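Everything below belongs to run.pdb, which stores PDB, C-alpha atoms, pLDDT in the B column.
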ATOM      1  CA  MET I 704      28.575  19.016  -3.589  1.00 49.00           C
ATOM      2  CA  ARG I 705      25.028  19.906  -2.690  1.00 55.00           C
ATOM      3  CA  ILE I 706      22.240  18.986  -5.094  1.00 58.00           C
ATOM      4  CA  ASN I 707      19.487  21.521  -5.541  1.00 60.00           C
ATOM      5  CA  SER I 708      16.115  20.230  -4.250  1.00 57.00           C
ATOM      6  CA  THR I 709      14.426  21.592  -7.386  1.00 58.00           C
ATOM      7  CA  VAL I 710      16.641  19.383  -9.545  1.00 49.00           C
ATOM      8  CA  ILE I 711      15.714  16.331  -7.457  1.00 51.00           C
ATOM      9  CA  SER I 712      12.027  17.239  -7.574  1.00 57.00           C
ATOM     10  CA  ASN I 713      12.149  17.679 -11.356  1.00 60.00           C
ATOM     11  CA  PHE I 714      13.916  14.311 -11.749  1.00 60.00           C
ATOM     12  CA  ILE I 715      11.276  12.556  -9.618  1.00 61.00           C
ATOM     13  CA  CYS I 716       8.499  14.237 -11.609  1.00 78.00           C
ATOM     14  CA  TYR I 717      10.109  13.269 -14.936  1.00 84.00           C
ATOM     15  CA  ARG I 718      10.610   9.670 -13.801  1.00 90.00           C
ATOM     16  CA  TYR I 719       7.017   9.435 -12.549  1.00 93.00           C
ATOM     17  CA  GLU I 720       5.577  10.921 -15.759  1.00 94.00           C
ATOM     18  CA  ARG I 721       7.573   8.411 -17.796  1.00 95.00           C
ATOM     19  CA  LEU I 722       6.224   5.540 -15.646  1.00 96.00           C
ATOM     20  CA  LEU I 723       2.678   6.921 -15.903  1.00 96.00           C
ATOM     21  CA  ARG I 724       2.901   6.941 -19.714  1.00 96.00           C
ATOM     22  CA  ARG I 725       4.121   3.337 -19.623  1.00 96.00           C
ATOM     23  CA  ALA I 726       1.331   2.392 -17.199  1.00 96.00           C
ATOM     24  CA  LYS I 727      -1.258   3.741 -19.618  1.00 95.00           C
ATOM     25  CA  ALA I 728       0.317   2.030 -22.634  1.00 96.00           C
ATOM     26  CA  GLU I 729       1.291  -1.428 -21.335  1.00 96.00           C
ATOM     27  CA  ASP I 730      -0.902  -4.464 -20.817  1.00 96.00           C
ATOM     28  CA  LEU I 731      -1.102  -4.912 -17.034  1.00 96.00           C
ATOM     29  CA  THR I 732      -3.713  -7.687 -16.905  1.00 95.00           C
ATOM     30  CA  GLU I 733      -1.067 -10.050 -15.519  1.00 93.00           C
ATOM     31  CA  VAL I 734      -1.002  -7.934 -12.347  1.00 94.00           C
ATOM     32  CA  SER I 735      -4.573  -6.639 -12.248  1.00 95.00           C
ATOM     33  CA  GLY I 736      -5.882 -10.194 -12.596  1.00 94.00           C
ATOM     34  CA  ILE I 737      -4.274 -11.194  -9.304  1.00 95.00           C
ATOM     35  CA  GLY I 738      -6.811  -9.041  -7.454  1.00 95.00           C
ATOM     36  CA  CYS I 739      -4.478  -7.949  -4.673  1.00 96.00           C
ATOM     37  CA  LEU I 740      -4.924  -4.190  -5.269  1.00 97.00           C
ATOM     38  CA  TYR I 741      -8.182  -2.407  -6.092  1.00 97.00           C
ATOM     39  CA  GLN I 742     -10.420   0.512  -5.156  1.00 97.00           C
ATOM     40  CA  SER I 743     -13.389  -0.424  -2.961  1.00 96.00           C
ATOM     41  CA  GLY I 744     -15.954   2.181  -2.053  1.00 95.00           C
ATOM     42  CA  VAL I 745     -15.405   5.223   0.115  1.00 97.00           C
ATOM     43  CA  ASP I 746     -14.918   5.850   3.806  1.00 97.00           C
ATOM     44  CA  ARG I 747     -17.365   7.791   5.998  1.00 97.00           C
ATOM     45  CA  LEU I 748     -15.786  11.064   4.834  1.00 97.00           C
ATOM     46  CA  GLY I 749     -16.314  10.197   1.156  1.00 98.00           C
ATOM     47  CA  ARG I 750     -12.648   9.424   0.439  1.00 98.00           C
ATOM     48  CA  PRO I 751     -11.847   6.512  -1.910  1.00 98.00           C
ATOM     49  CA  VAL I 752     -10.543   3.384  -0.183  1.00 98.00           C
ATOM     50  CA  VAL I 753      -7.756   1.441  -1.863  1.00 98.00           C
ATOM     51  CA  VAL I 754      -7.557  -2.193  -0.731  1.00 98.00           C
ATOM     52  CA  PHE I 755      -4.372  -4.233  -0.750  1.00 97.00           C
ATOM     53  CA  ILE I 756      -4.606  -7.966   0.026  1.00 97.00           C
ATOM     54  CA  GLY I 757      -1.163  -9.070   1.231  1.00 95.00           C
ATOM     55  CA  LYS I 758      -1.842 -12.801   0.930  1.00 96.00           C
ATOM     56  CA  TRP I 759      -2.560 -12.430  -2.773  1.00 96.00           C
ATOM     57  CA  PHE I 760       0.617 -10.462  -3.616  1.00 95.00           C
ATOM     58  CA  PRO I 761       3.029 -13.056  -5.072  1.00 91.00           C
ATOM     59  CA  PHE I 762       6.151 -10.956  -4.505  1.00 89.00           C
ATOM     60  CA  ASN I 763       8.615 -13.663  -5.565  1.00 88.00           C
ATOM     61  CA  ARG I 764       6.653 -14.624  -8.693  1.00 90.00           C
ATOM     62  CA  ILE I 765       5.489 -11.300 -10.089  1.00 91.00           C
ATOM     63  CA  ASN I 766       7.085  -8.850 -12.481  1.00 93.00           C
ATOM     64  CA  LEU I 767       7.763  -5.993 -10.034  1.00 93.00           C
ATOM     65  CA  ASP I 768       8.083  -3.408 -12.795  1.00 94.00           C
ATOM     66  CA  LYS I 769       4.570  -4.276 -13.964  1.00 96.00           C
ATOM     67  CA  ALA I 770       3.354  -4.280 -10.339  1.00 95.00           C
ATOM     68  CA  LEU I 771       4.642  -0.717  -9.943  1.00 96.00           C
ATOM     69  CA  LEU I 772       3.038   0.325 -13.228  1.00 97.00           C
ATOM     70  CA  TYR I 773      -0.286  -1.177 -12.145  1.00 97.00           C
ATOM     71  CA  LEU I 774      -0.068   0.644  -8.804  1.00 97.00           C
ATOM     72  CA  ILE I 775       0.500   3.911 -10.668  1.00 97.00           C
ATOM     73  CA  SER I 776      -2.301   3.282 -13.189  1.00 97.00           C
ATOM     74  CA  LEU I 777      -4.771   2.511 -10.399  1.00 97.00           C
ATOM     75  CA  LEU I 778      -3.771   5.266  -7.985  1.00 97.00           C
ATOM     76  CA  ASP I 779      -2.959   8.204 -10.271  1.00 97.00           C
ATOM     77  CA  PRO I 780      -6.606   9.285 -10.750  1.00 97.00           C
ATOM     78  CA  ILE I 781      -7.389   8.600  -7.070  1.00 98.00           C
ATOM     79  CA  VAL I 782      -4.523  10.559  -5.483  1.00 97.00           C
ATOM     80  CA  LYS I 783      -5.638  13.836  -7.011  1.00 96.00           C
ATOM     81  CA  GLY I 784      -7.740  14.113  -3.839  1.00 97.00           C
ATOM     82  CA  ASP I 785      -7.784  12.627  -0.352  1.00 98.00           C
ATOM     83  CA  TYR I 786      -7.770   8.820  -0.111  1.00 98.00           C
ATOM     84  CA  VAL I 787      -7.113   5.994   2.351  1.00 98.00           C
ATOM     85  CA  ILE I 788      -5.470   2.579   2.073  1.00 97.00           C
ATOM     86  CA  ALA I 789      -6.608  -0.586   3.834  1.00 98.00           C
ATOM     87  CA  TYR I 790      -3.868  -3.222   3.845  1.00 97.00           C
ATOM     88  CA  PHE I 791      -5.059  -6.684   4.886  1.00 97.00           C
ATOM     89  CA  HIS I 792      -2.198  -8.753   6.291  1.00 96.00           C
ATOM     90  CA  THR I 793      -4.538 -11.652   7.115  1.00 95.00           C
ATOM     91  CA  LEU I 794      -2.811 -15.042   6.671  1.00 94.00           C
ATOM     92  CA  THR I 795       0.008 -13.430   4.682  1.00 92.00           C
ATOM     93  CA  THR I 796       3.217 -15.479   4.612  1.00 91.00           C
ATOM     94  CA  SER I 797       6.831 -14.486   4.078  1.00 88.00           C
ATOM     95  CA  SER I 798       6.559 -15.393   0.369  1.00 88.00           C
ATOM     96  CA  ASN I 799       4.203 -12.416   0.024  1.00 89.00           C
ATOM     97  CA  TYR I 800       6.392  -9.875   1.855  1.00 87.00           C
ATOM     98  CA  PRO I 801       7.844  -7.292  -0.508  1.00 85.00           C
ATOM     99  CA  SER I 802      11.504  -6.501   0.038  1.00 84.00           C
ATOM    100  CA  PHE I 803      12.419  -3.352   1.881  1.00 80.00           C
ATOM    101  CA  SER I 804      14.434  -2.147  -1.127  1.00 86.00           C
ATOM    102  CA  TRP I 805      11.408  -2.502  -3.422  1.00 88.00           C
ATOM    103  CA  LEU I 806       9.167  -0.643  -0.951  1.00 85.00           C
ATOM    104  CA  ARG I 807      11.754   2.136  -0.746  1.00 85.00           C
ATOM    105  CA  GLU I 808      11.946   2.328  -4.549  1.00 89.00           C
ATOM    106  CA  VAL I 809       8.155   2.578  -4.841  1.00 91.00           C
ATOM    107  CA  TYR I 810       8.011   5.254  -2.148  1.00 88.00           C
ATOM    108  CA  ASN I 811      10.777   7.273  -3.836  1.00 88.00           C
ATOM    109  CA  VAL I 812       9.157   7.066  -7.291  1.00 92.00           C
ATOM    110  CA  LEU I 813       5.746   8.307  -6.174  1.00 93.00           C
ATOM    111  CA  PRO I 814       5.362  12.088  -6.182  1.00 92.00           C
ATOM    112  CA  TYR I 815       4.397  14.226  -3.221  1.00 90.00           C
ATOM    113  CA  LYS I 816       0.641  14.139  -3.988  1.00 93.00           C
ATOM    114  CA  TYR I 817       0.576  10.427  -3.038  1.00 94.00           C
ATOM    115  CA  LYS I 818       1.945  11.198   0.435  1.00 92.00           C
ATOM    116  CA  LYS I 819       0.077  14.466   0.967  1.00 94.00           C
ATOM    117  CA  ASN I 820      -3.357  13.159  -0.026  1.00 97.00           C
ATOM    118  CA  LEU I 821      -3.026   9.837   1.831  1.00 96.00           C
ATOM    119  CA  LYS I 822      -5.122  10.486   4.922  1.00 97.00           C
ATOM    120  CA  ALA I 823      -4.929   7.056   6.572  1.00 97.00           C
ATOM    121  CA  PHE I 824      -3.134   3.749   6.089  1.00 96.00           C
ATOM    122  CA  TYR I 825      -4.920   0.950   7.941  1.00 97.00           C
ATOM    123  CA  ILE I 826      -3.102  -2.329   8.554  1.00 96.00           C
ATOM    124  CA  ILE I 827      -5.649  -5.003   9.400  1.00 97.00           C
ATOM    125  CA  HIS I 828      -4.403  -8.100  11.262  1.00 96.00           C
ATOM    126  CA  PRO I 829      -0.861  -6.785  11.776  1.00 95.00           C
ATOM    127  CA  THR I 830       1.911  -9.084  12.931  1.00 93.00           C
ATOM    128  CA  PHE I 831       5.184  -8.370  14.643  1.00 92.00           C
ATOM    129  CA  TRP I 832       6.806  -8.223  11.175  1.00 87.00           C
ATOM    130  CA  THR I 833       4.383  -5.608   9.819  1.00 90.00           C
ATOM    131  CA  LYS I 834       4.679  -3.519  12.969  1.00 93.00           C
ATOM    132  CA  MET I 835       8.483  -3.583  12.810  1.00 91.00           C
ATOM    133  CA  MET I 836       8.598  -2.833   9.075  1.00 88.00           C
ATOM    134  CA  THR I 837       6.100  -0.017   9.507  1.00 89.00           C
ATOM    135  CA  TRP I 838       8.043   1.441  12.426  1.00 91.00           C
ATOM    136  CA  TRP I 839      11.330   1.255  10.502  1.00 87.00           C
ATOM    137  CA  PHE I 840       9.859   2.689   7.317  1.00 85.00           C
ATOM    138  CA  THR I 841       7.968   5.550   8.971  1.00 87.00           C
ATOM    139  CA  THR I 842      10.846   6.400  11.299  1.00 86.00           C
ATOM    140  CA  PHE I 843      13.712   6.456   8.814  1.00 83.00           C
ATOM    141  CA  MET I 844      12.183   6.738   5.342  1.00 79.00           C
ATOM    142  CA  ALA I 845       8.771   8.406   5.611  1.00 81.00           C
ATOM    143  CA  PRO I 846       8.265  10.172   8.938  1.00 83.00           C
ATOM    144  CA  ALA I 847       5.609  12.413   7.366  1.00 83.00           C
ATOM    145  CA  ILE I 848       3.165   9.495   7.159  1.00 87.00           C
ATOM    146  CA  LYS I 849       3.850   8.012  10.604  1.00 90.00           C
ATOM    147  CA  GLN I 850       0.723   9.552  12.145  1.00 94.00           C
ATOM    148  CA  LYS I 851      -1.405   8.211   9.279  1.00 95.00           C
ATOM    149  CA  VAL I 852      -0.644   4.530   9.975  1.00 95.00           C
ATOM    150  CA  HIS I 853      -3.142   2.623  12.147  1.00 95.00           C
ATOM    151  CA  ASN I 854      -2.854  -1.029  13.184  1.00 95.00           C
ATOM    152  CA  LEU I 855      -6.270  -2.685  13.535  1.00 96.00           C
ATOM    153  CA  GLN I 856      -6.678  -6.143  15.069  1.00 94.00           C
ATOM    154  CA  GLY I 857      -9.785  -6.961  13.025  1.00 94.00           C
ATOM    155  CA  VAL I 858     -12.060  -5.819  10.223  1.00 95.00           C
ATOM    156  CA  GLU I 859     -14.717  -4.688  12.710  1.00 94.00           C
ATOM    157  CA  TYR I 860     -12.409  -1.832  13.782  1.00 95.00           C
ATOM    158  CA  LEU I 861     -12.339  -0.600  10.197  1.00 95.00           C
ATOM    159  CA  TYR I 862     -16.127  -0.235  10.270  1.00 94.00           C
ATOM    160  CA  SER I 863     -15.823   2.824  12.510  1.00 94.00           C
ATOM    161  CA  VAL I 864     -14.307   4.692   9.552  1.00 95.00           C
ATOM    162  CA  MET I 865     -16.172   3.041   6.690  1.00 95.00           C
ATOM    163  CA  SER I 866     -19.483   1.328   6.219  1.00 96.00           C
ATOM    164  CA  PRO I 867     -19.298  -2.474   5.718  1.00 95.00           C
ATOM    165  CA  ASP I 868     -21.253  -2.161   2.468  1.00 95.00           C
ATOM    166  CA  GLN I 869     -18.427   0.004   1.058  1.00 95.00           C
ATOM    167  CA  LEU I 870     -15.788  -2.655   1.642  1.00 95.00           C
ATOM    168  CA  GLU I 871     -15.346  -5.565  -0.736  1.00 95.00           C
ATOM    169  CA  ILE I 872     -12.884  -8.056   0.720  1.00 96.00           C
ATOM    170  CA  PRO I 873     -12.293 -11.788   0.294  1.00 96.00           C
ATOM    171  CA  ALA I 874     -14.442 -14.017   2.510  1.00 95.00           C
ATOM    172  CA  TYR I 875     -11.419 -15.599   4.188  1.00 96.00           C
ATOM    173  CA  ILE I 876     -10.675 -12.287   5.942  1.00 95.00           C
ATOM    174  CA  THR I 877     -14.039 -12.024   7.702  1.00 93.00           C
ATOM    175  CA  GLU I 878     -13.998 -15.782   8.346  1.00 94.00           C
ATOM    176  CA  TYR I 879     -10.623 -15.321  10.034  1.00 94.00           C
ATOM    177  CA  ASP I 880     -12.137 -12.706  12.339  1.00 90.00           C
ATOM    178  CA  MET I 881     -15.173 -14.873  13.089  1.00 89.00           C
ATOM    179  CA  SER I 882     -13.007 -17.917  13.849  1.00 87.00           C
ATOM    180  CA  GLY I 883     -11.460 -16.124  16.801  1.00 73.00           C
ATOM    181  CA  ILE I 884      -7.998 -17.272  15.733  1.00 66.00           C
ATOM    182  CA  LYS I 885      -5.443 -14.531  15.998  1.00 60.00           C
ATOM    183  CA  LYS I 886      -2.038 -14.871  14.445  1.00 49.00           C
ATOM    184  CA  THR I 887       0.808 -14.944  16.912  1.00 45.00           C
ATOM    185  CA  CYS I 888       3.849 -12.781  16.403  1.00 41.00           C
ATOM    186  CA  LYS I 889       5.987 -14.499  13.804  1.00 42.00           C
ATOM    187  CA  PHE I 890       8.777 -13.243  11.620  1.00 36.00           C
TER     188      PHE I 890
END
Since I need it in another form, could you write the structure as structure tokens?
Amino acid sequence: MRINSTVISNFICYRYERLLRRAKAEDLTEVSGIGCLYQSGVDRLGRPVVVFIGKWFPFNRINLDKALLYLISLLDPIVKGDYVIAYFHTLTTSSNYPSFSWLREVYNVLPYKYKKNLKAFYIIHPTFWTKMMTWWFTTFMAPAIKQKVHNLQGVEYLYSVMSPDQLEIPAYITEYDMSGIKKTCKF
């Protein structure tokens, strides 16, 4: 039996709208207070920059439903137009890695405007793990965003697309770059 794509699209839209209503109604300070996801300035083309700090995402200790609701509450007004994401993997450990199944769920819940209006996804300080996960995800789950993903070895490479005064990041990230220590490929 073949399912009509309109039915699937309507289901995704209904599910997203339900989550958006919950995101607006629920107290999400538990997640917002962590400070791992926020909007920080604009890039050189005037597009909002969403920052995600991997080290501060306590995947194993956070309510993932509330994390998804916070993501939706933060991004819904932003994704009405073009935007970019800067993911900082600096000093992130395996306890901060979200599961592949959760990432897939988040990707499947978000409507088309999130994917269409995402113009770049920068991964700063990538490791072997992030490169493999990104390859797997963009090859098999989200090939439409594959060309939007850019691995950057340091923050200074991000400055070609956004002014440093538009980027608010924790001091440990720039200190990491200045120390000259580069993370080796670890799982």
Worksheet item: If we count all atoms listed in the file, what is near Asp746 of chain I at a cut-off of 8 Å, once residues fewer than 2 positions away on the same chain are taken out, given as an NGL selection string?
Response: :I and (744 or 748-752 or 787 or 864-866 or 869)
Please enumerate the residues selected by the PyMOL selection byres ((chain I and resi 777) around 12) when evaluated against the supplied file, formatted as a short mmCIF file (atom, residue, chain, number, x, y, z; two decimals) with C-alpha atoms, keeping the file's coordinate frame.
data_model
loop_
_atom_site.label_atom_id
_atom_site.label_comp_id
_atom_site.auth_asym_id
_atom_site.auth_seq_id
_atom_site.Cartn_x
_atom_site.Cartn_y
_atom_site.Cartn_z
CA LEU I 723 2.68 6.92 -15.90
CA ALA I 726 1.33 2.39 -17.20
CA LYS I 727 -1.26 3.74 -19.62
CA LEU I 731 -1.10 -4.91 -17.03
CA VAL I 734 -1.00 -7.93 -12.35
CA SER I 735 -4.57 -6.64 -12.25
CA CYS I 739 -4.48 -7.95 -4.67
CA LEU I 740 -4.92 -4.19 -5.27
CA TYR I 741 -8.18 -2.41 -6.09
CA GLN I 742 -10.42 0.51 -5.16
CA SER I 743 -13.39 -0.42 -2.96
CA PRO I 751 -11.85 6.51 -1.91
CA VAL I 752 -10.54 3.38 -0.18
CA VAL I 753 -7.76 1.44 -1.86
CA VAL I 754 -7.56 -2.19 -0.73
CA PHE I 755 -4.37 -4.23 -0.75
CA ALA I 770 3.35 -4.28 -10.34
CA LEU I 771 4.64 -0.72 -9.94
CA LEU I 772 3.04 0.32 -13.23
CA TYR I 773 -0.29 -1.18 -12.14
CA LEU I 774 -0.07 0.64 -8.80
CA ILE I 775 0.50 3.91 -10.67
CA SER I 776 -2.30 3.28 -13.19
CA LEU I 778 -3.77 5.27 -7.98
CA ASP I 779 -2.96 8.20 -10.27
CA PRO I 780 -6.61 9.28 -10.75
CA ILE I 781 -7.39 8.60 -7.07
CA VAL I 782 -4.52 10.56 -5.48
CA LYS I 783 -5.64 13.84 -7.01
#
Review point. Written as number ranges by chain, which residues does the PyMOL selection byres ((chain I and resi 810-826) around 8) give for the file shown?
Key: I: 715-716, 718-719, 782-792, 806-809, 827-829, 847-848, 851-855, 861
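Minimum distance to Ser804 of chain I across I:Met844, I:Ile765, I:Ala728, I:Met835 (counting all atoms listed in the file) occurs at I:Met844.
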Selected by the PyMOL selection byres ((chain I and resi 800) around 10) in the shown coordinates: which residues, as number ranges by chain?
I: 757-758, 760-763, 792, 795-799, 801-803, 832-833
Using all atoms listed in the file, the residue out of I:Trp838, I:Ile872, I:Phe831, I:Asp768 with shortest distance to Leu722 of chain I is I:Asp768
note - atom CA of Asn766 of chain I and atom CA of Glu733 of chain I are separated by 8.8 Å
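If you look at atom CA of Gly736 of chain I and atom CA of Ala874 of chain I, they are 17.8 Å away from each other.
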Expected file content for segment 845-872 of chain I, N, CA and C atoms, as a PDB file, in the first residue's frame:
ATOM      1  N   ALA I 845      19.330  12.882   5.105  1.00  0.00           N
ATOM      2  CA  ALA I 845      19.071  14.268   4.700  1.00  0.00           C
ATOM      3  C   ALA I 845      20.024  14.714   3.595  1.00  0.00           C
ATOM      4  N   PRO I 846      19.977  14.053   2.438  1.00  0.00           N
ATOM      5  CA  PRO I 846      20.909  14.440   1.379  1.00  0.00           C
ATOM      6  C   PRO I 846      20.737  15.879   0.887  1.00  0.00           C
ATOM      7  N   ALA I 847      19.567  16.449   1.109  1.00  0.00           N
ATOM      8  CA  ALA I 847      19.311  17.824   0.646  1.00  0.00           C
ATOM      9  C   ALA I 847      20.177  18.851   1.375  1.00  0.00           C
ATOM     10  N   ILE I 848      20.654  18.521   2.576  1.00  0.00           N
ATOM     11  CA  ILE I 848      21.463  19.499   3.310  1.00  0.00           C
ATOM     12  C   ILE I 848      22.961  19.203   3.245  1.00  0.00           C
ATOM     13  N   LYS I 849      23.340  18.162   2.529  1.00  0.00           N
ATOM     14  CA  LYS I 849      24.749  17.752   2.482  1.00  0.00           C
ATOM     15  C   LYS I 849      25.676  18.885   2.050  1.00  0.00           C
ATOM     16  N   GLN I 850      25.279  19.660   1.064  1.00  0.00           N
ATOM     17  CA  GLN I 850      26.121  20.742   0.556  1.00  0.00           C
ATOM     18  C   GLN I 850      26.156  21.955   1.494  1.00  0.00           C
ATOM     19  N   LYS I 851      25.297  21.950   2.506  1.00  0.00           N
ATOM     20  CA  LYS I 851      25.243  23.065   3.449  1.00  0.00           C
ATOM     21  C   LYS I 851      26.154  22.865   4.653  1.00  0.00           C
ATOM     22  N   VAL I 852      26.688  21.660   4.829  1.00  0.00           N
ATOM     23  CA  VAL I 852      27.509  21.329   5.991  1.00  0.00           C
ATOM     24  C   VAL I 852      28.972  21.637   5.689  1.00  0.00           C
ATOM     25  N   HIS I 853      29.615  22.376   6.616  1.00  0.00           N
ATOM     26  CA  HIS I 853      31.013  22.775   6.462  1.00  0.00           C
ATOM     27  C   HIS I 853      31.772  22.500   7.754  1.00  0.00           C
ATOM     28  N   ASN I 854      32.820  21.697   7.668  1.00  0.00           N
ATOM     29  CA  ASN I 854      33.681  21.419   8.816  1.00  0.00           C
ATOM     30  C   ASN I 854      34.779  22.473   8.871  1.00  0.00           C
ATOM     31  N   LEU I 855      34.900  23.146  10.020  1.00  0.00           N
ATOM     32  CA  LEU I 855      35.905  24.189  10.198  1.00  0.00           C
ATOM     33  C   LEU I 855      36.825  23.796  11.353  1.00  0.00           C
ATOM     34  N   GLN I 856      38.115  23.863  11.139  1.00  0.00           N
ATOM     35  CA  GLN I 856      39.079  23.430  12.155  1.00  0.00           C
ATOM     36  C   GLN I 856      39.236  24.416  13.308  1.00  0.00           C
ATOM     37  N   GLY I 857      38.762  25.637  13.144  1.00  0.00           N
ATOM     38  CA  GLY I 857      38.875  26.625  14.216  1.00  0.00           C
ATOM     39  C   GLY I 857      37.893  27.764  14.026  1.00  0.00           C
ATOM     40  N   VAL I 858      37.705  28.533  15.085  1.00  0.00           N
ATOM     41  CA  VAL I 858      36.772  29.658  15.062  1.00  0.00           C
ATOM     42  C   VAL I 858      37.184  30.691  14.020  1.00  0.00           C
ATOM     43  N   GLU I 859      38.493  30.875  13.837  1.00  0.00           N
ATOM     44  CA  GLU I 859      38.960  31.901  12.891  1.00  0.00           C
ATOM     45  C   GLU I 859      38.415  31.683  11.484  1.00  0.00           C
ATOM     46  N   TYR I 860      38.120  30.432  11.116  1.00  0.00           N
ATOM     47  CA  TYR I 860      37.564  30.152   9.787  1.00  0.00           C
ATOM     48  C   TYR I 860      36.112  30.601   9.688  1.00  0.00           C
ATOM     49  N   LEU I 861      35.447  30.676  10.814  1.00  0.00           N
ATOM     50  CA  LEU I 861      34.065  31.155  10.848  1.00  0.00           C
ATOM     51  C   LEU I 861      34.002  32.658  10.598  1.00  0.00           C
ATOM     52  N   TYR I 862      35.099  33.365  10.921  1.00  0.00           N
ATOM     53  CA  TYR I 862      35.113  34.813  10.773  1.00  0.00           C
ATOM     54  C   TYR I 862      35.070  35.257   9.309  1.00  0.00           C
ATOM     55  N   SER I 863      35.286  34.379   8.379  1.00  0.00           N
ATOM     56  CA  SER I 863      35.155  34.757   6.970  1.00  0.00           C
ATOM     57  C   SER I 863      33.683  34.917   6.581  1.00  0.00           C
ATOM     58  N   VAL I 864      32.781  34.298   7.358  1.00  0.00           N
ATOM     59  CA  VAL I 864      31.359  34.403   7.052  1.00  0.00           C
ATOM     60  C   VAL I 864      30.581  35.222   8.072  1.00  0.00           C
ATOM     61  N   MET I 865      31.217  35.531   9.198  1.00  0.00           N
ATOM     62  CA  MET I 865      30.567  36.404  10.176  1.00  0.00           C
ATOM     63  C   MET I 865      31.597  37.175  10.968  1.00  0.00           C
ATOM     64  N   SER I 866      31.245  38.377  11.320  1.00  0.00           N
ATOM     65  CA  SER I 866      32.141  39.241  12.071  1.00  0.00           C
ATOM     66  C   SER I 866      32.293  38.713  13.502  1.00  0.00           C
ATOM     67  N   PRO I 867      33.508  38.762  14.058  1.00  0.00           N
ATOM     68  CA  PRO I 867      33.710  38.281  15.441  1.00  0.00           C
ATOM     69  C   PRO I 867      32.804  38.963  16.465  1.00  0.00           C
ATOM     70  N   ASP I 868      32.453  40.223  16.227  1.00  0.00           N
ATOM     71  CA  ASP I 868      31.596  40.913  17.197  1.00  0.00           C
ATOM     72  C   ASP I 868      30.139  40.437  17.140  1.00  0.00           C
ATOM     73  N   GLN I 869      29.802  39.610  16.162  1.00  0.00           N
ATOM     74  CA  GLN I 869      28.452  39.051  16.054  1.00  0.00           C
ATOM     75  C   GLN I 869      28.344  37.670  16.702  1.00  0.00           C
ATOM     76  N   LEU I 870      29.465  37.175  17.194  1.00  0.00           N
ATOM     77  CA  LEU I 870      29.500  35.799  17.696  1.00  0.00           C
ATOM     78  C   LEU I 870      29.804  35.774  19.188  1.00  0.00           C
ATOM     79  N   GLU I 871      28.836  35.372  19.966  1.00  0.00           N
ATOM     80  CA  GLU I 871      29.037  35.214  21.407  1.00  0.00           C
ATOM     81  C   GLU I 871      29.211  33.731  21.694  1.00  0.00           C
ATOM     82  N   ILE I 872      30.448  33.373  22.108  1.00  0.00           N
ATOM     83  CA  ILE I 872      30.738  31.979  22.423  1.00  0.00           C
ATOM     84  C   ILE I 872      31.510  31.910  23.738  1.00  0.00           C
TER      85      ILE I 872
END
